[in-house]
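Working notes for the structure below.
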Amino acid sequence: MAEERLIRKYANRRLYDSQESRHVTVEDLRRIIAAGGRIRVVDDKSGEDVTRSILLQIIASQEQFGTPVLSTQLLEAIIRFYGNPVQQLLTSYLEQSIGGLLRQQSTMQAEMAKALETPMAPMAEMARNNMELWARMQASMLSAFTPSGPAQQPPPARHGPHSETAPAQAPRRRRGRPRR
């Protein structure tokens, strides 16, 4: 995991990156986080950790432009959870969900990198997975149509001229002169 960067917030609301020894903007912090970095923002005077308020400020500024991640309905639902006995449950759920999405994204990126190295390997794996899924689905569908009692054997096949399973014969052609 990335090392946490210490950002100092001064009384004049300016932010200072102690690692790079320069003043930064909220947009600079967004770029650091988007690139996988971690930050910790402390108030220079009191030493209080104000990271959450800065992160919320970054989210609020991002939500104003383009397509928002947090819909109005989602924001209303989150607000309803505050003070609710299941508030911690929501927090855990959201953290696990986002973690799962990040793992899926990472896996997808790794698969794409593999595809660029050997184009047929992911296709072969996908075909194998599709065949396994198809076999499971087919078995599931067939099990719905078979009786749950002892397995029944199909009747033996008959291959006589009058059996249903006899191969169809093509009509015979006559030899000789064609009819008029």
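Convention: chains lettered A, B, ... in structure tokens order; per-chain residue numbering from 1; ligands numbered from 1 as shown.
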
I'd like a table as JSON lines: residues in stretch 47-156 of chain A with an atom no more than 10 Å from stretch 1-25 of chain A, each row giving the shortest atom pair and its distance in Å to one decimal, only C-alpha atoms counted, sorted by chain and rising residue number.
{"residue": "A:Gly47", "atom": "CA", "partner": "A:Arg8", "partner_atom": "CA", "distance": 8.8}
{"residue": "A:Glu48", "atom": "CA", "partner": "A:Lys9", "partner_atom": "CA", "distance": 9.8}
{"residue": "A:Asp49", "atom": "CA", "partner": "A:Arg8", "partner_atom": "CA", "distance": 9.5}
{"residue": "A:Val50", "atom": "CA", "partner": "A:Lys9", "partner_atom": "CA", "distance": 8.3}
{"residue": "A:Thr51", "atom": "CA", "partner": "A:Ile7", "partner_atom": "CA", "distance": 8.9}
{"residue": "A:Ile54", "atom": "CA", "partner": "A:Lys9", "partner_atom": "CA", "distance": 9.6}

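For the pair atom CA of A:Gln88 and atom CA of A:Glu76, the interatomic distance is 16.8 Å.
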
### Task
Go through stretch 40-83 of chain A and collect every residue that DSSP, computed from the backbone, puts in alpha helix (DSSP H); the answer should be as a ChimeraX atom specification.
/A:51-63,72-81

### Query
Suppose you want the space between atom CA of A:Ile58 and atom CA of A:Glu27; what is it in Å?
7.5 Å

### Message
Could you tell me how far atom CA of A:Leu102 sits from atom CA of A:Ala35, in Å to one decimal place?
### Response
13.1 Å

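Within stretch 2-157 of chain A, the backbone-based DSSP assignment of strand (DSSP E) covers A:Glu4, A:Arg5, A:Leu6, A:Ile7, A:Arg8, A:Lys9, A:Leu15, A:Tyr16, A:Asp17, A:Arg22, A:His23, A:Val24, A:Arg38, A:Ile39, A:Arg40, A:Val41, A:Val42, A:Asp43.
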
Atoms to include: N, CA and C atoms. Write the selected residues as a PDB file, in the first residue's frame.
ATOM      1  N   GLU A   4       1.584   7.055   3.319  1.00  0.00           N
ATOM      2  CA  GLU A   4       0.707   8.190   3.593  1.00  0.00           C
ATOM      3  C   GLU A   4       1.499   9.500   3.521  1.00  0.00           C
ATOM      4  N   ARG A   5       0.982  10.457   2.777  1.00  0.00           N
ATOM      5  CA  ARG A   5       1.641  11.766   2.656  1.00  0.00           C
ATOM      6  C   ARG A   5       1.021  12.720   3.654  1.00  0.00           C
ATOM      7  N   LEU A   6       1.854  13.414   4.356  1.00  0.00           N
ATOM      8  CA  LEU A   6       1.400  14.379   5.349  1.00  0.00           C
ATOM      9  C   LEU A   6       1.174  15.726   4.673  1.00  0.00           C
ATOM     10  N   ILE A   7      -0.054  16.221   4.819  1.00  0.00           N
ATOM     11  CA  ILE A   7      -0.424  17.517   4.270  1.00  0.00           C
ATOM     12  C   ILE A   7      -0.800  18.413   5.455  1.00  0.00           C
ATOM     13  N   ARG A   8      -0.225  19.592   5.510  1.00  0.00           N
ATOM     14  CA  ARG A   8      -0.543  20.533   6.586  1.00  0.00           C
ATOM     15  C   ARG A   8      -1.529  21.573   6.067  1.00  0.00           C
ATOM     16  N   LYS A   9      -2.554  21.831   6.884  1.00  0.00           N
ATOM     17  CA  LYS A   9      -3.541  22.840   6.527  1.00  0.00           C
ATOM     18  C   LYS A   9      -3.307  24.042   7.440  1.00  0.00           C
ATOM     19  N   LEU A  15      -2.927  24.570   1.786  1.00  0.00           N
ATOM     20  CA  LEU A  15      -2.465  23.213   2.060  1.00  0.00           C
ATOM     21  C   LEU A  15      -1.003  23.099   1.642  1.00  0.00           C
ATOM     22  N   TYR A  16      -0.210  22.407   2.478  1.00  0.00           N
ATOM     23  CA  TYR A  16       1.219  22.292   2.230  1.00  0.00           C
ATOM     24  C   TYR A  16       1.610  20.815   2.264  1.00  0.00           C
ATOM     25  N   ASP A  17       2.177  20.322   1.158  1.00  0.00           N
ATOM     26  CA  ASP A  17       2.644  18.940   1.067  1.00  0.00           C
ATOM     27  C   ASP A  17       4.049  18.889   1.638  1.00  0.00           C
ATOM     28  N   ARG A  22       5.954  21.888  -0.909  1.00  0.00           N
ATOM     29  CA  ARG A  22       5.284  22.894  -1.745  1.00  0.00           C
ATOM     30  C   ARG A  22       3.818  22.989  -1.350  1.00  0.00           C
ATOM     31  N   HIS A  23       3.207  24.131  -1.700  1.00  0.00           N
ATOM     32  CA  HIS A  23       1.777  24.300  -1.471  1.00  0.00           C
ATOM     33  C   HIS A  23       1.016  23.529  -2.554  1.00  0.00           C
ATOM     34  N   VAL A  24      -0.117  22.949  -2.160  1.00  0.00           N
ATOM     35  CA  VAL A  24      -0.926  22.169  -3.086  1.00  0.00           C
ATOM     36  C   VAL A  24      -2.375  22.632  -3.019  1.00  0.00           C
ATOM     37  N   ARG A  38      -2.067   7.923  -0.680  1.00  0.00           N
ATOM     38  CA  ARG A  38      -2.857   8.154   0.533  1.00  0.00           C
ATOM     39  C   ARG A  38      -2.381   9.453   1.165  1.00  0.00           C
ATOM     40  N   ILE A  39      -3.318  10.181   1.760  1.00  0.00           N
ATOM     41  CA  ILE A  39      -2.963  11.444   2.397  1.00  0.00           C
ATOM     42  C   ILE A  39      -3.494  11.475   3.823  1.00  0.00           C
ATOM     43  N   ARG A  40      -2.860  12.290   4.621  1.00  0.00           N
ATOM     44  CA  ARG A  40      -3.356  12.605   5.958  1.00  0.00           C
ATOM     45  C   ARG A  40      -3.170  14.101   6.122  1.00  0.00           C
ATOM     46  N   VAL A  41      -4.289  14.778   6.352  1.00  0.00           N
ATOM     47  CA  VAL A  41      -4.257  16.234   6.465  1.00  0.00           C
ATOM     48  C   VAL A  41      -4.417  16.605   7.929  1.00  0.00           C
ATOM     49  N   VAL A  42      -3.487  17.406   8.432  1.00  0.00           N
ATOM     50  CA  VAL A  42      -3.567  17.853   9.823  1.00  0.00           C
ATOM     51  C   VAL A  42      -3.587  19.376   9.874  1.00  0.00           C
ATOM     52  N   ASP A  43      -4.344  19.885  10.829  1.00  0.00           N
ATOM     53  CA  ASP A  43      -4.390  21.320  11.062  1.00  0.00           C
ATOM     54  C   ASP A  43      -3.042  21.718  11.659  1.00  0.00           C
TER      55      ASP A  43
END
